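Asker: Just dropping this structure here.
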Number of protein chains: 2
Amino acid sequence: MEKKRIIGLMTGTSLDAVDIAICDFYNNDNNLQFNLLNYKEYLFSSDYKTFIKKIIDENSFIKDISQLNFYLSELFCDCILDFCENFNINLNSIDAISIHGQTVWHNPSKEIFLDRQISSTLQIASISAISSKLSKKVIGDFRSADIMLGGEGAPLIPIFDYYFLKSSTENIISLNIGGISNITYLPKNCNKNEIIAFDCGPGNVLIDSYLQEFTDFSFDRDGRIAAKGEIIESLSRDLKKIEFIYNSPPKSTGRELFNLKLIKKLIGTNRYSIEDVIATLTDFTAYSISYNINNFVDENSKIIVSGGGRKNKSILKRINYYLPNSSILLIDELGINGDAKEAIFIAFLGYLNILKIPGNISKITGALKEVVLGISADNF
Amino acid sequence: MEKKRIIGLMTGTSLDAVDIAICDFYNNDNNLQFNLLNYKEYLFSSDYKTFIKKIIDENSFIKDISQLNFYLSELFCDCILDFCENFNINLNSIDAISIHGQTVWHNPSKEIFLDRQISSTLQIASISAISSKLSKKVIGDFRSADIMLGGEGAPLIPIFDYYFLKSSTENIISLNIGGISNITYLPKNCNKNEIIAFDCGPGNVLIDSYLQEFTDFSFDRDGRIAAKGEIIESLSRDLKKIEFIYNSPPKSTGRELFNLKLIKKLIGTNRYSIEDVIATLTDFTAYSISYNINNFVDENSKIIVSGGGRKNKSILKRINYYLPNSSILLIDELGINGDAKEAIFIAFLGYLNILKIPGNISKITGALKEVVLGISADNF
């Protein structure tokens, strides 16, 4: 049972942090296992965020993108070296470094480009440059192959849920409450083709954007603000009219639909307390999740919650209210550090690349076939 | 002696063609050998050139670069599939496809970027996307590692000259006459650290740009136009004053120095026949090459000529005039197809990646160390 020690590095689209995890992976007759050794989050300065956002959002010279590609390579190298020093890790003990890269473009819808229909995705930081600088095997670029095969290049997380959360005794729902909420449904003893994965609706996005606009809070820690408020019936009724919630999967959504503008439009000229609005948005978030679980998968599954929203007790309380017969637990209770999950996941994608095991589930992404994901560099 | 069959795909910075070669490589106790099986050039339409140049030269959205990355991936896949069909090659018989990619940015000089000094290079077409589409190992991105290690990311061709042109009985000069002329000097039985490589001055650039401006010819086929003219003494004297020719290596140059503007300036209001100007430019080209060979390396070496300019008999005649004691032969006379050399070279870089043999010569590129070059994808 050979061990592979892999560092995983994740950067979210919100550009606010680099998450790094180091894990040992084991392959016991295709029964894959992992053990998280360490985890750390590196916050980016707001200078950095502003600068990068400008390059990504505005018309940019190719030069800027080429330079940013190497800038991020240097930055990621520094984070990894600091991480190793911080936890007293010898780089020689590492088998590979796996890097998601900063997404600067992702659009799976085909559009005319010269004489062809093209869809594309672009995650940057140079895998080759990082490998040469650290003298290590580096793996990355996990979405291009799926996009080239006509898939959405996302979601990729279901393969992680499949290997580490599925059960031989019960149906499992892996519920992730990030900005958007999404679920991976894993029927008891399922094979990959039986997995269902889709977005339910808002996760933290409505709560966070309202708080960021009208208060000094950037999120509702532990759901304390919601706990002090009462649900506003008319606002709740209007929110519950949003069609997306009731659409059958497969479906996906984002900040184009669920955002501050939507809340402002529904509130109109009414004057409500912050606490009551947050209580209402929190209830709607829980309602959206619960409705989708109740109607599109088996609500008697064990629900395993991950994502930042798992710490919002008010959301969980309302899910419990809507799904009284479900058993809900945090991913942390299974021994998986919920904060580290995404970085562990990226390390896992690197591990799958090494094992030459496909990482996309074509039924979920829509790709023509399942393939090994990622490029690798051994530039030393 | 295991055989590796590799397809190499080269695209020059002039955007006018894709060159594809297929070779068998053998490793006989670190004595590497190759055998070219087939070669073909695919010309791009001028629509394509105009469109791509616009994206590369102008302010572009990240979206355009991301889309171009996948567009070129599709285009290269089509060229490779056509190449295989044309020569009746079964993709199953291929071990790997090696791709240089289209250079859209290359600047080894460090510049301030946010809070760091950054230099970078960017070759596009997605290695992962091509691998998934063709279900083949694909290797590419050969310059990033050297640039990250402080090197120029170029020239890389000396490693090819070292393995395939060096001799145990005589000193060798590998002279490439492309737009610019450059040489790799390989002393008898040399090791990598004894290799000298530098640019001499103009190759075909002066002749071609003058003909393209004032005639319907794009180049002087076989040197026929030059053969009809006489050298204009005053113009020749002025050309021979250009300092670059006399500088000691290491040195490199480009179209920034040797271009149409320079010729126009030197000719001024004088009226010369096309044939006489071309004869003069041809003589100057040969003079620059010969001066550098005579002064900076051993002129008694065997000179092996490659590049499009090797077919210009007038250039070669004048080199013979300036270097009466040198033995000059075309690379084709050694059994290496001169037209295919660059595509063979890219296939060879892929082979070195597979063997885990470093591809850069740090004394020549200036990199901190010698490393395996390139990323690879097995996305099937």
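Identifiers in the structure tokens: chain A, B, ... in order shown; residue index from 1 per chain; ligand index from 1 in order shown.
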Any chance you could dump chain A, least-squares fitted to chain B on all C-alpha atoms in order, as a short mmCIF file (atom, residue, chain, number, x, y, z; two decimals) with C-alpha atoms, in the first residue's frame?

Answerer:
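The resulting file, selection39.cif, is shown below:
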```
data_model
loop_
_atom_site.label_atom_id
_atom_site.label_comp_id
_atom_site.auth_asym_id
_atom_site.auth_seq_id
_atom_site.Cartn_x
_atom_site.Cartn_y
_atom_site.Cartn_z
CA MET A 1 17.35 -0.16 -27.42
CA GLU A 2 13.74 0.98 -26.96
CA LYS A 3 12.15 2.98 -29.75
CA LYS A 4 9.94 6.02 -29.16
CA ARG A 5 7.85 7.28 -32.06
CA ILE A 6 7.11 10.99 -31.64
CA ILE A 7 5.30 13.61 -33.69
CA GLY A 8 6.79 17.11 -33.46
CA LEU A 9 4.78 20.23 -34.29
CA MET A 10 6.42 23.63 -34.77
CA THR A 11 4.83 27.02 -35.40
CA GLY A 12 7.14 29.93 -36.09
CA THR A 13 6.71 33.46 -34.80
CA SER A 14 5.89 34.56 -38.36
CA LEU A 15 2.55 32.71 -38.06
CA ASP A 16 2.70 31.43 -41.63
CA ALA A 17 2.79 27.66 -41.17
CA VAL A 18 2.64 24.60 -38.96
CA ASP A 19 5.50 22.14 -39.59
CA ILE A 20 4.92 18.52 -38.58
CA ALA A 21 7.49 15.73 -38.49
CA ILE A 22 7.28 12.17 -37.22
CA CYS A 23 10.48 10.51 -35.99
CA ASP A 24 11.64 7.34 -34.33
CA PHE A 25 14.12 7.97 -31.51
CA TYR A 26 16.53 5.47 -30.00
CA ASN A 27 18.65 5.64 -26.87
CA ASN A 28 21.74 3.50 -27.20
CA ASP A 29 23.62 4.04 -23.91
CA ASN A 30 22.98 7.79 -23.97
CA ASN A 31 23.97 7.86 -27.63
CA LEU A 32 20.68 9.25 -28.98
CA GLN A 33 19.62 8.62 -32.54
CA PHE A 34 16.64 9.48 -34.70
CA ASN A 35 15.07 8.54 -37.97
CA LEU A 36 12.69 10.93 -39.77
CA LEU A 37 9.70 9.02 -41.16
CA ASN A 38 7.62 11.84 -42.65
CA TYR A 39 7.39 15.61 -42.81
CA LYS A 40 4.75 18.08 -44.00
CA GLU A 41 4.17 21.82 -43.87
CA TYR A 42 0.65 23.23 -43.34
CA LEU A 43 0.27 26.80 -44.56
CA PHE A 44 -2.12 29.10 -42.69
CA SER A 45 -4.59 31.25 -44.59
CA SER A 46 -3.97 34.99 -44.52
CA ASP A 47 -7.38 35.44 -42.80
CA TYR A 48 -6.05 33.34 -39.99
CA LYS A 49 -2.78 35.25 -39.83
CA THR A 50 -4.53 38.62 -39.72
CA PHE A 51 -6.96 37.48 -37.01
CA ILE A 52 -4.28 35.98 -34.79
CA LYS A 53 -1.90 38.90 -35.24
CA LYS A 54 -4.68 41.26 -34.19
CA ILE A 55 -5.19 39.35 -30.95
CA ILE A 56 -1.48 39.15 -30.26
CA ASP A 57 -0.58 42.71 -31.19
CA GLU A 58 -3.55 44.63 -29.82
CA ASN A 59 -5.10 45.10 -26.44
CA SER A 60 -7.05 41.87 -25.95
CA PHE A 61 -9.56 40.62 -23.43
CA ILE A 62 -8.45 37.60 -21.45
CA LYS A 63 -11.40 35.93 -23.12
CA ASP A 64 -9.72 36.21 -26.54
CA ILE A 65 -6.53 34.60 -25.30
CA SER A 66 -8.43 31.82 -23.56
CA GLN A 67 -10.47 31.20 -26.71
CA LEU A 68 -7.37 31.36 -28.96
CA ASN A 69 -5.71 28.79 -26.66
CA PHE A 70 -8.51 26.33 -27.40
CA TYR A 71 -8.87 27.40 -31.05
CA LEU A 72 -5.22 26.55 -31.72
CA SER A 73 -5.69 23.27 -29.83
CA GLU A 74 -8.48 22.31 -32.25
CA LEU A 75 -6.47 23.50 -35.26
CA PHE A 76 -3.35 21.56 -34.24
CA CYS A 77 -5.47 18.43 -33.64
CA ASP A 78 -6.87 18.73 -37.17
CA CYS A 79 -3.37 19.16 -38.66
CA ILE A 80 -2.11 16.10 -36.77
CA LEU A 81 -5.10 13.99 -37.81
CA ASP A 82 -4.65 15.07 -41.45
CA PHE A 83 -0.93 14.33 -41.23
CA CYS A 84 -1.62 10.82 -39.92
CA GLU A 85 -4.22 10.16 -42.61
CA ASN A 86 -1.94 11.55 -45.32
CA PHE A 87 0.97 9.27 -44.40
CA ASN A 88 -1.20 6.35 -43.29
CA ILE A 89 0.01 6.58 -39.68
CA ASN A 90 -1.99 4.83 -36.97
CA LEU A 91 -2.18 7.11 -33.91
CA ASN A 92 -1.86 3.95 -31.78
CA SER A 93 1.71 3.55 -33.04
CA ILE A 94 2.70 6.99 -31.66
CA ASP A 95 4.24 7.29 -28.20
CA ALA A 96 3.81 11.05 -27.84
CA ILE A 97 3.05 14.31 -29.61
CA SER A 98 5.39 17.21 -28.88
CA ILE A 99 4.20 20.76 -29.51
CA HIS A 100 6.12 24.02 -29.37
CA GLY A 101 3.01 26.18 -29.40
CA GLN A 102 2.50 29.65 -30.78
CA THR A 103 4.67 32.18 -28.99
CA VAL A 104 2.43 35.12 -28.04
CA TRP A 105 4.85 36.69 -25.55
CA HIS A 106 8.55 36.24 -24.87
CA ASN A 107 10.60 38.70 -22.85
CA PRO A 108 13.44 37.39 -20.70
CA SER A 109 14.24 40.87 -19.32
CA LYS A 110 12.84 41.35 -15.85
CA GLU A 111 10.33 44.18 -15.40
CA ILE A 112 8.47 45.49 -12.36
CA PHE A 113 5.05 43.82 -11.95
CA LEU A 114 3.18 44.78 -8.77
CA ASP A 115 5.86 44.15 -6.09
CA ARG A 116 8.20 41.81 -8.00
CA GLN A 117 10.68 41.72 -10.88
CA ILE A 118 9.08 39.41 -13.44
CA SER A 119 10.17 38.00 -16.81
CA SER A 120 7.91 35.64 -18.73
CA THR A 121 7.17 33.67 -21.87
CA LEU A 122 3.86 32.34 -23.18
CA GLN A 123 3.34 29.65 -25.83
CA ILE A 124 -0.27 28.74 -26.45
CA ALA A 125 -2.49 25.82 -27.47
CA SER A 126 -3.57 23.75 -24.49
CA ILE A 127 -1.44 20.62 -23.99
CA SER A 128 -4.21 19.10 -21.84
CA ALA A 129 -6.95 19.84 -24.38
CA ILE A 130 -4.97 18.30 -27.27
CA SER A 131 -4.18 15.23 -25.18
CA SER A 132 -7.84 14.64 -24.30
CA LYS A 133 -8.99 15.17 -27.89
CA LEU A 134 -6.43 12.80 -29.42
CA SER A 135 -6.21 10.39 -26.44
CA LYS A 136 -2.41 10.65 -26.62
CA LYS A 137 0.46 11.75 -24.41
CA VAL A 138 1.18 15.36 -25.37
CA ILE A 139 4.28 17.33 -24.32
CA GLY A 140 4.90 21.07 -24.66
CA ASP A 141 5.75 24.41 -22.97
CA PHE A 142 9.51 24.04 -23.32
CA ARG A 143 10.62 27.57 -22.45
CA SER A 144 8.91 28.42 -19.12
CA ALA A 145 11.26 26.50 -16.82
CA ASP A 146 14.38 28.14 -18.25
CA ILE A 147 12.82 31.63 -17.99
CA MET A 148 11.74 30.97 -14.37
CA LEU A 149 15.36 30.06 -13.61
CA GLY A 150 16.55 33.41 -14.95
CA GLY A 151 17.51 32.17 -18.42
CA GLU A 152 16.61 33.63 -21.82
CA GLY A 153 14.40 30.62 -22.63
CA ALA A 154 16.39 30.55 -25.88
CA PRO A 155 18.21 29.35 -27.89
CA LEU A 156 17.23 25.74 -27.25
CA ILE A 157 18.49 24.30 -30.57
CA PRO A 158 22.11 23.84 -29.31
CA ILE A 159 21.06 20.66 -27.43
CA PHE A 160 19.95 19.18 -30.77
CA ASP A 161 23.21 20.21 -32.44
CA TYR A 162 25.12 18.73 -29.49
CA TYR A 163 23.48 15.32 -29.76
CA PHE A 164 23.34 15.02 -33.54
CA LEU A 165 26.03 17.19 -35.15
CA LYS A 166 29.05 17.09 -32.82
CA SER A 167 32.00 15.03 -34.01
CA SER A 168 34.82 13.10 -32.37
CA THR A 169 37.22 13.99 -35.17
CA GLU A 170 36.65 17.64 -36.04
CA ASN A 171 35.29 20.99 -34.82
CA ILE A 172 31.78 21.66 -36.04
CA ILE A 173 29.88 24.88 -36.72
CA SER A 174 26.14 24.46 -37.05
CA LEU A 175 25.11 27.55 -39.01
CA ASN A 176 21.40 28.30 -39.24
CA ILE A 177 20.34 30.89 -41.82
CA GLY A 178 16.79 31.85 -40.89
CA GLY A 179 15.57 35.44 -40.68
CA ILE A 180 18.58 36.01 -38.44
CA SER A 181 21.74 33.90 -38.78
CA ASN A 182 23.10 32.09 -35.77
CA ILE A 183 25.74 29.50 -35.03
CA THR A 184 26.33 26.71 -32.55
CA TYR A 185 30.04 25.94 -32.26
CA LEU A 186 30.83 22.39 -31.15
CA PRO A 187 34.55 21.79 -30.55
CA LYS A 188 35.73 18.25 -31.28
CA ASN A 189 34.51 15.86 -28.54
CA CYS A 190 33.09 18.79 -26.58
CA ASN A 191 31.00 18.55 -23.46
CA LYS A 192 27.95 20.80 -23.09
CA ASN A 193 29.85 23.54 -21.25
CA GLU A 194 32.23 24.01 -24.16
CA ILE A 195 29.49 24.85 -26.67
CA ILE A 196 29.29 28.43 -27.91
CA ALA A 197 26.09 29.75 -29.49
CA PHE A 198 25.20 33.25 -30.68
CA ASP A 199 23.55 35.33 -33.41
CA CYS A 200 25.87 36.52 -36.21
CA GLY A 201 23.60 39.12 -37.82
CA PRO A 202 21.08 39.08 -40.67
CA GLY A 203 20.06 35.81 -42.31
CA ASN A 204 17.34 36.21 -44.93
CA VAL A 205 15.68 39.16 -43.24
CA LEU A 206 17.26 42.01 -45.24
CA ILE A 207 16.95 40.23 -48.61
CA ASP A 208 13.36 39.13 -47.98
CA SER A 209 12.05 42.41 -46.64
CA TYR A 210 13.57 44.38 -49.55
CA LEU A 211 12.07 42.00 -52.13
CA GLN A 212 8.68 41.98 -50.38
CA GLU A 213 8.59 45.79 -50.45
CA PHE A 214 9.73 46.41 -54.01
CA THR A 215 8.93 43.26 -56.02
CA ASP A 216 6.43 40.40 -56.22
CA PHE A 217 8.98 37.96 -54.82
CA SER A 218 8.90 37.04 -51.15
CA PHE A 219 12.47 35.64 -51.20
CA ASP A 220 15.42 35.14 -53.58
CA ARG A 221 14.92 31.56 -54.74
CA ASP A 222 18.32 29.82 -55.03
CA GLY A 223 19.95 33.28 -54.88
CA ARG A 224 19.14 33.87 -58.56
CA ILE A 225 18.39 37.60 -58.22
CA ALA A 226 21.64 38.24 -56.33
CA ALA A 227 23.53 36.30 -58.99
CA LYS A 228 22.45 38.82 -61.63
CA GLY A 229 23.62 41.89 -59.69
CA GLU A 230 26.87 43.59 -58.75
CA ILE A 231 27.89 44.69 -55.26
CA ILE A 232 27.32 48.42 -54.68
CA GLU A 233 30.53 49.50 -52.96
CA SER A 234 29.20 52.50 -51.02
CA LEU A 235 26.14 50.64 -49.70
CA SER A 236 28.34 47.68 -48.80
CA ARG A 237 30.74 49.94 -46.91
CA ASP A 238 27.86 51.48 -44.91
CA LEU A 239 26.35 48.09 -44.05
CA LYS A 240 29.74 46.85 -42.86
CA LYS A 241 29.86 49.70 -40.36
CA ILE A 242 27.05 48.17 -38.27
CA GLU A 243 28.60 47.52 -34.88
CA PHE A 244 26.63 44.43 -33.93
CA ILE A 245 28.60 42.33 -36.41
CA TYR A 246 31.86 43.01 -34.59
CA ASN A 247 30.62 42.59 -30.99
CA SER A 248 31.99 39.60 -29.09
CA PRO A 249 29.54 36.84 -28.16
CA PRO A 250 27.30 36.12 -26.31
CA LYS A 251 25.00 38.33 -28.39
CA SER A 252 21.58 38.15 -29.96
CA THR A 253 19.67 40.34 -32.38
CA GLY A 254 16.41 40.54 -34.29
CA ARG A 255 14.18 42.55 -36.59
CA GLU A 256 14.46 45.53 -34.26
CA LEU A 257 17.96 46.16 -35.76
CA PHE A 258 17.92 44.44 -39.16
CA ASN A 259 14.90 45.59 -41.13
CA LEU A 260 13.63 47.46 -44.18
CA LYS A 261 13.98 50.82 -42.46
CA LEU A 262 17.72 50.27 -42.10
CA ILE A 263 18.16 49.50 -45.81
CA LYS A 264 16.05 52.48 -46.86
CA LYS A 265 18.06 54.79 -44.62
CA LEU A 266 21.39 53.59 -46.04
CA ILE A 267 20.22 53.79 -49.68
CA GLY A 268 18.76 57.26 -49.15
CA THR A 269 18.00 58.98 -52.44
CA ASN A 270 20.33 56.79 -54.50
CA ARG A 271 18.77 54.78 -57.33
CA TYR A 272 20.05 51.24 -57.65
CA SER A 273 18.75 48.23 -59.54
CA ILE A 274 16.95 45.58 -57.51
CA GLU A 275 19.58 43.01 -58.54
CA ASP A 276 22.47 45.18 -57.34
CA VAL A 277 20.82 45.90 -53.98
CA ILE A 278 20.07 42.19 -53.43
CA ALA A 279 23.63 41.26 -54.45
CA THR A 280 24.91 43.75 -51.88
CA LEU A 281 22.60 42.60 -49.08
CA THR A 282 23.51 38.98 -49.91
CA ASP A 283 27.20 39.77 -49.72
CA PHE A 284 26.72 41.60 -46.41
CA THR A 285 24.81 38.64 -44.99
CA ALA A 286 27.65 36.29 -45.97
CA TYR A 287 30.24 38.77 -44.67
CA SER A 288 28.53 38.99 -41.25
CA ILE A 289 28.44 35.23 -40.92
CA SER A 290 32.02 34.81 -42.11
CA TYR A 291 33.42 37.57 -39.90
CA ASN A 292 31.86 35.98 -36.81
CA ILE A 293 33.11 32.51 -37.74
CA ASN A 294 36.58 33.85 -38.51
CA ASN A 295 36.93 35.89 -35.34
CA PHE A 296 34.99 34.13 -32.59
CA VAL A 297 35.23 30.40 -33.37
CA ASP A 298 37.55 28.17 -35.40
CA GLU A 299 37.14 28.93 -39.12
CA ASN A 300 38.73 25.60 -40.00
CA SER A 301 35.69 23.79 -38.60
CA LYS A 302 33.31 21.85 -40.75
CA ILE A 303 30.34 24.20 -41.35
CA ILE A 304 26.93 22.53 -41.51
CA VAL A 305 24.25 24.84 -42.88
CA SER A 306 20.53 24.67 -42.07
CA GLY A 307 17.56 27.04 -42.33
CA GLY A 308 15.78 28.36 -45.42
CA GLY A 309 18.85 30.41 -46.37
CA ARG A 310 20.87 27.24 -46.98
CA LYS A 311 19.12 27.08 -50.37
CA ASN A 312 20.41 30.53 -51.37
CA LYS A 313 23.42 29.62 -53.52
CA SER A 314 24.57 33.23 -53.65
CA ILE A 315 24.90 33.47 -49.86
CA LEU A 316 26.86 30.20 -49.75
CA LYS A 317 29.11 31.29 -52.63
CA ARG A 318 30.01 34.50 -50.78
CA ILE A 319 30.66 32.62 -47.52
CA ASN A 320 33.01 30.41 -49.51
CA TYR A 321 34.70 33.53 -50.84
CA TYR A 322 35.23 34.96 -47.33
CA LEU A 323 36.20 31.60 -45.77
CA PRO A 324 38.20 29.86 -48.54
CA ASN A 325 39.65 27.24 -46.17
CA SER A 326 36.35 26.12 -44.62
CA SER A 327 34.49 23.02 -45.63
CA ILE A 328 30.80 23.89 -46.00
CA LEU A 329 28.00 21.39 -46.43
CA LEU A 330 24.22 21.38 -46.14
CA ILE A 331 22.62 19.57 -43.22
CA ASP A 332 20.71 17.55 -45.83
CA GLU A 333 24.02 16.01 -46.94
CA LEU A 334 24.29 14.43 -43.47
CA GLY A 335 20.93 12.74 -43.99
CA ILE A 336 18.95 15.31 -41.97
CA ASN A 337 16.07 16.90 -43.91
CA GLY A 338 16.83 20.63 -43.61
CA ASP A 339 13.22 21.69 -44.12
CA ALA A 340 12.08 19.39 -41.31
CA LYS A 341 14.83 20.30 -38.84
CA GLU A 342 12.72 22.51 -36.55
CA ALA A 343 9.83 20.05 -36.33
CA ILE A 344 12.31 17.21 -35.70
CA PHE A 345 13.85 19.39 -33.00
CA ILE A 346 10.48 19.82 -31.23
CA ALA A 347 9.90 16.06 -31.40
CA PHE A 348 13.38 15.70 -29.88
CA LEU A 349 12.52 18.06 -27.00
CA GLY A 350 9.54 15.79 -26.29
CA TYR A 351 11.88 12.78 -26.36
CA LEU A 352 14.27 14.45 -23.88
CA ASN A 353 11.27 15.11 -21.59
CA ILE A 354 10.37 11.41 -21.69
CA LEU A 355 13.99 10.39 -20.97
CA LYS A 356 14.15 13.06 -18.22
CA ILE A 357 17.27 14.57 -19.81
CA PRO A 358 17.73 18.36 -19.40
CA GLY A 359 17.04 20.35 -22.56
CA ASN A 360 18.54 23.74 -21.76
CA ILE A 361 22.27 24.44 -21.74
CA SER A 362 22.56 26.88 -18.87
CA LYS A 363 25.84 28.39 -20.07
CA ILE A 364 24.02 29.41 -23.27
CA THR A 365 20.59 30.47 -21.94
CA GLY A 366 21.89 31.94 -18.69
CA ALA A 367 19.57 29.86 -16.49
CA LEU A 368 20.57 28.97 -12.93
CA LYS A 369 20.67 25.28 -13.76
CA GLU A 370 19.92 22.63 -16.37
CA VAL A 371 16.51 21.02 -16.02
CA VAL A 372 14.13 18.74 -17.87
CA LEU A 373 11.96 21.01 -20.05
CA GLY A 374 8.24 20.79 -20.70
CA ILE A 375 4.91 19.74 -19.26
CA SER A 376 3.08 16.58 -20.24
CA ALA A 377 -0.52 15.42 -20.28
CA ASP A 378 -1.94 11.90 -20.46
CA ASN A 379 -5.59 12.92 -20.45
CA PHE A 380 -7.24 9.71 -21.61
#
```

Asker: List every residue of region 181-327 of chain B that DSSP, applied to the backbone, labels as strand (DSSP E or B), and write the result as a PyMOL selection string.

Answerer: chain B and resi 181-186+196-202+302-306+327
